[in-house]
Amino acid sequence: MLQTESFAPRLLSWFARHGRGDLPWQRDRTPYRVWVSEIMLQQTQVATVIPFYARFVTRFPDVTALAAAPLDEVLHHWSGLGYYARARNLHRAAQLIRDTRGGAVPEDHAALVALPGIGRSTAGAILALANDQRHLILDGNVKRVLARWAGIGGFPGEARVAAQFWALSENVTPAARAADFTQAIMDLGATLCTQRRPRCGDCPLAKDCVALAADRIAELPARRAPRKRPRRRIVWLVYRRAGAVLLERRPTTGIWGGLWGFPEFATRAEAEATAVKRAGRRSARLTALGTVRHVFTHFELEIEPLLVELDRRAPLVEQGSETWYKSRAPTRLGLAAPVTSLVAALAAPPRRRRP
DNA sequence: TAATCGTGGCA
DNA sequence: TTGCCAAGATT
């Protein structure tokens with residue numbers, strides 16, 4: 001039988017001893033800093049976020065600084081963290097907060113959810129952690145803890161199942177100590193009730209944990225039905241002229257949206273025709289740089305990069321969405337991940353033969 | 001409802 | 001290699 005009333009006391013008692021209390025966003029706990037951390041932590045592990053968070057809040061210490069910065073520089077600080085819509089939404093939300101609320105992060109749930117990039121759970125986390133307001137969260141940690149403790153089957157992504165989680169969360173969340181409770185249930189999920197090799201022997205909820213009693217820890221929470229990963233192939237043209245490469249801003253939609261990358265084509269024939277045109281000749285010398293394969297969660301991407309060497313005297317045409325990038329010069333642009341590695345490979349000195 | 005969006009760690 | 005997952009939101 002589930003002991004709903006003692007859920008929070010047990011968790012809070014455990015938290016006092018074993019909770020994480022020294023994460024970067026827990027120091028100087030302003031709503032802005034908590035907000036930024038919650039966005040970065042969406043679908044991203046704590047260890048990955050920490051160095052990005054440190055650089056980000058140093059450069060953008062408050063809403064005003066973030067709102068005033070160019071999007072390119074925000075994306076530059078996000079480059080390598082992934083899910084770049086988060087950065088675009090964060091930047092846009094900062095400008096909205098500046099323009100409509102004088103730079104003060106909203107302190108009510110509805111106003112937060114109305115901002116881009118903030119959903120129900122993230123809004124709840126911000127208000128609970130930064131303002132000690134009683135709000136629910138439903139992240140991967142909470143889903144895992146609740147699914148096991150109450151034996152909730154079914155894929156949490158399904159609406160009907162998600163409703164069960166929210167309802168159960170409502171029942172176990174105490175009236176007071178919102179910040180501690182929210183942090184506690186996340187800490188339990190992150191450090192003890194982990195996906196692999198959970199330490200049930202140390203868990204304060206073990207004595208009435210349904211999954212543990214039924215030996216179903218490994219199968220909860222339920223996973224979605226596996227899907228086949230579609231494969232896409234694209235061609236990139238790497239124009240090089242006097243040590244610089246041509247970059248263009250990628251469209252906002254799609255992979256690496258808003259970051260800078262190489263001119264992209266669906267087919268090699270289309271790429272070659274464009275290369276000839278830009279080189280201003282009847283033909284252009286194209287060098288295959290070796291296919292790059294990216295395996296993402298939901299699809300595979302094969303990139304065929306083609307190097308186009310332009311004459312040093314070729315005109316340095318530059319439009320609004322184009323720039324010539326030198327790898328050794330400082331940049332404030334967000335670069336797509338393969339761009340960074342490709343540019344690094346191009347800049348590396350050619351290997352000498354052994355004498 | 002289901003697909004989309006990144007990267008790094010792990011078995 | 002391959003699959004799965006991590007402080008989810010958006011369309």
# chains A, B, ... in the order shown; residues from 1 in each chain; ligands from 1
$ interface_residues --of "chain A" --to "chain C" --cutoff "6 Å" --atoms "only C-alpha atoms (C1' of nucleotides)" --output "NGL selection string"
:A and (41-45 or 117)
$ residues_around --residues "Ala167 (chain A)" --least-positions-apart "3" --cutoff "12 Å" --atoms "only C-alpha atoms (C1' of nucleotides)" --output "NGL selection string"
:A and (136-138 or 143 or 146 or 150 or 152 or 160-164 or 170-173)
$ residues_around --residues "region 221-224 of chain A" --least-positions-apart "4" --cutoff "7 Å" --atoms "only C-alpha atoms (C1' of nucleotides)" --output "list in words"
Arg144, Ala147, Arg148, Gly153, Gly154 and Phe155 of chain A
$ interface_residues --of "chain A" --to "chain B" --cutoff "7 Å" --atoms "only C-alpha atoms (C1' of nucleotides)" --output "PDB file with C-alpha atoms, in the first residue's frame"
ATOM      1  CA  LEU A  81      24.939  22.151 -26.521  1.00  0.00           C
ATOM      2  CA  GLY A  82      22.270  21.154 -29.035  1.00  0.00           C
ATOM      3  CA  TYR A  83      18.547  21.836 -29.399  1.00  0.00           C
ATOM      4  CA  ILE A 255      18.699  20.918 -37.873  1.00  0.00           C
TER       5      ILE A 255
END
$ closest_residue --among "A:Gly151, A:Ala184, A:Thr331, A:Asp99" --to "Val210 (chain A)" --atoms "only C-alpha atoms"
A:Gly151
$ residues_around --residues "Ser6 (chain A)" --least-positions-apart "2" --cutoff "12 Å" --atoms "only C-alpha atoms (C1' of nucleotides)" --output "VMD selection string"
chain A and resid 1 to 4 8 to 13 171 to 174 204 to 205 207 to 208
$ write_last_selection --atoms "N, CA, C and O atoms" --output "mmCIF file, in the first residue's frame"
data_model
loop_
_atom_site.group_PDB
_atom_site.id
_atom_site.type_symbol
_atom_site.label_atom_id
_atom_site.label_comp_id
_atom_site.auth_asym_id
_atom_site.auth_seq_id
_atom_site.Cartn_x
_atom_site.Cartn_y
_atom_site.Cartn_z
ATOM 1 N N MET A 1 0.841 -1.213 0.000
ATOM 2 C CA MET A 1 0.000 0.000 0.000
ATOM 3 C C MET A 1 0.868 1.251 0.000
ATOM 4 O O MET A 1 1.807 1.360 0.779
ATOM 5 N N LEU A 2 0.574 2.152 -0.907
ATOM 6 C CA LEU A 2 1.376 3.379 -1.015
ATOM 7 C C LEU A 2 1.122 4.303 0.171
ATOM 8 O O LEU A 2 -0.022 4.567 0.527
ATOM 9 N N GLN A 3 2.210 4.774 0.758
ATOM 10 C CA GLN A 3 2.110 5.715 1.866
ATOM 11 C C GLN A 3 2.256 7.131 1.326
ATOM 12 O O GLN A 3 3.322 7.742 1.390
ATOM 13 N N THR A 4 1.158 7.664 0.768
ATOM 14 C CA THR A 4 1.211 8.965 0.112
ATOM 15 C C THR A 4 1.587 10.090 1.079
ATOM 16 O O THR A 4 2.331 11.000 0.737
ATOM 17 N N ALA A 8 6.569 12.808 0.967
ATOM 18 C CA ALA A 8 7.376 14.028 1.055
ATOM 19 C C ALA A 8 8.288 14.042 2.287
ATOM 20 O O ALA A 8 9.472 14.380 2.157
ATOM 21 N N PRO A 9 7.805 13.689 3.466
ATOM 22 C CA PRO A 9 8.708 13.686 4.631
ATOM 23 C C PRO A 9 9.904 12.768 4.442
ATOM 24 O O PRO A 9 11.035 13.141 4.780
ATOM 25 N N ARG A 10 9.671 11.586 3.912
ATOM 26 C CA ARG A 10 10.785 10.672 3.692
ATOM 27 C C ARG A 10 11.789 11.247 2.689
ATOM 28 O O ARG A 10 13.000 11.171 2.852
ATOM 29 N N LEU A 11 11.227 11.817 1.622
ATOM 30 C CA LEU A 11 12.081 12.376 0.576
ATOM 31 C C LEU A 11 12.894 13.561 1.099
ATOM 32 O O LEU A 11 14.098 13.681 0.842
ATOM 33 N N LEU A 12 12.228 14.419 1.865
ATOM 34 C CA LEU A 12 12.910 15.605 2.380
ATOM 35 C C LEU A 12 13.981 15.225 3.400
ATOM 36 O O LEU A 12 15.037 15.873 3.478
ATOM 37 N N SER A 13 13.702 14.200 4.174
ATOM 38 C CA SER A 13 14.697 13.735 5.138
ATOM 39 C C SER A 13 15.933 13.186 4.417
ATOM 40 O O SER A 13 17.073 13.478 4.801
ATOM 41 N N ASN A 171 -0.674 14.676 -5.693
ATOM 42 C CA ASN A 171 -1.004 14.014 -4.429
ATOM 43 C C ASN A 171 0.189 13.870 -3.492
ATOM 44 O O ASN A 171 -0.001 13.741 -2.289
ATOM 45 N N VAL A 172 1.378 13.847 -4.006
ATOM 46 C CA VAL A 172 2.544 13.639 -3.134
ATOM 47 C C VAL A 172 3.304 14.933 -2.852
ATOM 48 O O VAL A 172 4.201 14.942 -2.009
ATOM 49 N N THR A 173 2.951 16.007 -3.546
ATOM 50 C CA THR A 173 3.668 17.278 -3.348
ATOM 51 C C THR A 173 3.134 18.003 -2.115
ATOM 52 O O THR A 173 1.933 18.248 -2.010
ATOM 53 N N PRO A 174 4.019 18.347 -1.186
ATOM 54 C CA PRO A 174 3.573 18.981 0.069
ATOM 55 C C PRO A 174 3.195 20.444 -0.133
ATOM 56 O O PRO A 174 3.513 21.041 -1.161
ATOM 57 N N PRO A 204 14.758 5.990 0.212
ATOM 58 C CA PRO A 204 13.784 6.203 1.298
ATOM 59 C C PRO A 204 12.368 5.787 0.915
ATOM 60 O O PRO A 204 11.489 5.738 1.784
ATOM 61 N N LEU A 205 12.136 5.514 -0.357
ATOM 62 C CA LEU A 205 10.797 5.140 -0.816
ATOM 63 C C LEU A 205 10.692 3.638 -1.082
ATOM 64 O O LEU A 205 9.669 3.156 -1.576
ATOM 65 N N LYS A 207 10.410 0.971 0.743
ATOM 66 C CA LYS A 207 9.569 0.041 1.516
ATOM 67 C C LYS A 207 8.166 -0.104 0.949
ATOM 68 O O LYS A 207 7.514 -1.131 1.161
ATOM 69 N N ASP A 208 7.690 0.901 0.207
ATOM 70 C CA ASP A 208 6.373 0.746 -0.419
ATOM 71 C C ASP A 208 6.455 0.986 -1.935
ATOM 72 O O ASP A 208 5.477 1.374 -2.563
#
$ residues_around --residues "Pro305 (chain A)" --least-positions-apart "6" --cutoff "7 Å" --atoms "only C-alpha atoms (C1' of nucleotides)" --output "list of chain:residue names"
A:Val235, A:Trp236, A:Leu237, A:Val238, A:Ala288, A:Leu289, A:Gly290, A:Thr291
$ write_last_selection --atoms "all heavy atoms" --output "PDB file, in the first residue's frame"
ATOM      1  N   VAL A 235      24.651  17.593 -49.396  1.00  0.00           N
ATOM      2  CA  VAL A 235      25.982  17.958 -49.884  1.00  0.00           C
ATOM      3  C   VAL A 235      26.304  19.367 -49.393  1.00  0.00           C
ATOM      4  O   VAL A 235      25.461  20.263 -49.450  1.00  0.00           O
ATOM      5  CB  VAL A 235      26.032  17.911 -51.428  1.00  0.00           C
ATOM      6  CG1 VAL A 235      27.423  18.279 -51.930  1.00  0.00           C
ATOM      7  CG2 VAL A 235      25.626  16.530 -51.930  1.00  0.00           C
ATOM      8  N   TRP A 236      27.504  19.532 -48.886  1.00  0.00           N
ATOM      9  CA  TRP A 236      27.959  20.858 -48.456  1.00  0.00           C
ATOM     10  C   TRP A 236      29.092  21.329 -49.369  1.00  0.00           C
ATOM     11  O   TRP A 236      30.001  20.534 -49.684  1.00  0.00           O
ATOM     12  CB  TRP A 236      28.473  20.821 -47.017  1.00  0.00           C
ATOM     13  CG  TRP A 236      27.369  20.867 -45.989  1.00  0.00           C
ATOM     14  CD1 TRP A 236      26.032  20.916 -46.220  1.00  0.00           C
ATOM     15  CD2 TRP A 236      27.549  20.861 -44.566  1.00  0.00           C
ATOM     16  NE1 TRP A 236      25.350  20.940 -45.033  1.00  0.00           N
ATOM     17  CE2 TRP A 236      26.258  20.914 -44.001  1.00  0.00           C
ATOM     18  CE3 TRP A 236      28.653  20.817 -43.726  1.00  0.00           C
ATOM     19  CZ2 TRP A 236      26.047  20.922 -42.623  1.00  0.00           C
ATOM     20  CZ3 TRP A 236      28.456  20.821 -42.359  1.00  0.00           C
ATOM     21  CH2 TRP A 236      27.153  20.886 -41.809  1.00  0.00           C
ATOM     22  N   LEU A 237      29.050  22.580 -49.754  1.00  0.00           N
ATOM     23  CA  LEU A 237      30.151  23.169 -50.510  1.00  0.00           C
ATOM     24  C   LEU A 237      31.018  23.990 -49.565  1.00  0.00           C
ATOM     25  O   LEU A 237      30.548  24.926 -48.925  1.00  0.00           O
ATOM     26  CB  LEU A 237      29.613  24.066 -51.634  1.00  0.00           C
ATOM     27  CG  LEU A 237      29.011  23.331 -52.830  1.00  0.00           C
ATOM     28  CD1 LEU A 237      28.528  24.345 -53.869  1.00  0.00           C
ATOM     29  CD2 LEU A 237      30.026  22.367 -53.450  1.00  0.00           C
ATOM     30  N   VAL A 238      32.285  23.605 -49.491  1.00  0.00           N
ATOM     31  CA  VAL A 238      33.225  24.324 -48.633  1.00  0.00           C
ATOM     32  C   VAL A 238      34.086  25.213 -49.526  1.00  0.00           C
ATOM     33  O   VAL A 238      35.135  24.787 -50.006  1.00  0.00           O
ATOM     34  CB  VAL A 238      34.092  23.338 -47.819  1.00  0.00           C
ATOM     35  CG1 VAL A 238      35.003  24.095 -46.860  1.00  0.00           C
ATOM     36  CG2 VAL A 238      33.220  22.350 -47.059  1.00  0.00           C
ATOM     37  N   ALA A 288      36.521  15.906 -52.781  1.00  0.00           N
ATOM     38  CA  ALA A 288      35.698  15.267 -51.754  1.00  0.00           C
ATOM     39  C   ALA A 288      36.475  15.209 -50.438  1.00  0.00           C
ATOM     40  O   ALA A 288      37.631  14.799 -50.408  1.00  0.00           O
ATOM     41  CB  ALA A 288      35.296  13.873 -52.200  1.00  0.00           C
ATOM     42  N   LEU A 289      35.842  15.646 -49.376  1.00  0.00           N
ATOM     43  CA  LEU A 289      36.521  15.683 -48.080  1.00  0.00           C
ATOM     44  C   LEU A 289      36.196  14.469 -47.213  1.00  0.00           C
ATOM     45  O   LEU A 289      36.657  14.362 -46.089  1.00  0.00           O
ATOM     46  CB  LEU A 289      36.152  16.968 -47.330  1.00  0.00           C
ATOM     47  CG  LEU A 289      36.662  18.257 -47.984  1.00  0.00           C
ATOM     48  CD1 LEU A 289      36.193  19.469 -47.195  1.00  0.00           C
ATOM     49  CD2 LEU A 289      38.178  18.248 -48.066  1.00  0.00           C
ATOM     50  N   GLY A 290      35.386  13.580 -47.728  1.00  0.00           N
ATOM     51  CA  GLY A 290      35.048  12.401 -46.915  1.00  0.00           C
ATOM     52  C   GLY A 290      33.702  12.570 -46.236  1.00  0.00           C
ATOM     53  O   GLY A 290      33.437  13.576 -45.584  1.00  0.00           O
ATOM     54  N   THR A 291      32.848  11.598 -46.412  1.00  0.00           N
ATOM     55  CA  THR A 291      31.490  11.691 -45.879  1.00  0.00           C
ATOM     56  C   THR A 291      31.490  11.711 -44.351  1.00  0.00           C
ATOM     57  O   THR A 291      32.232  10.980 -43.702  1.00  0.00           O
ATOM     58  CB  THR A 291      30.655  10.498 -46.379  1.00  0.00           C
ATOM     59  OG1 THR A 291      30.632  10.519 -47.808  1.00  0.00           O
ATOM     60  CG2 THR A 291      29.244  10.566 -45.832  1.00  0.00           C
TER      61      THR A 291
END
$ atom_distance --atom1 "CA of Ala87 (chain A)" --atom2 "CA of Leu75 (chain A)"
6.3 Å
$ atom_distance --atom1 "CA of His91 (chain A)" --atom2 "CA of Pro116 (chain A)"
9.2 Å
$ select_by_dssp --residues "region 93-195 of chain A" --states "helix (DSSP H, G or I)" --output "JSON, numbers by chain"
{"A": [93, 94, 95, 96, 97, 98, 99, 100, 101, 109, 110, 111, 112, 113, 120, 121, 122, 123, 124, 125, 126, 127, 128, 129, 130, 131, 140, 141, 142, 143, 144, 145, 146, 147, 148, 149, 150, 159, 160, 161, 162, 163, 164, 165, 166, 167, 168, 169, 170, 171, 172, 178, 179, 180, 181, 182, 183, 184, 185, 186, 187, 188, 189, 190, 191]}
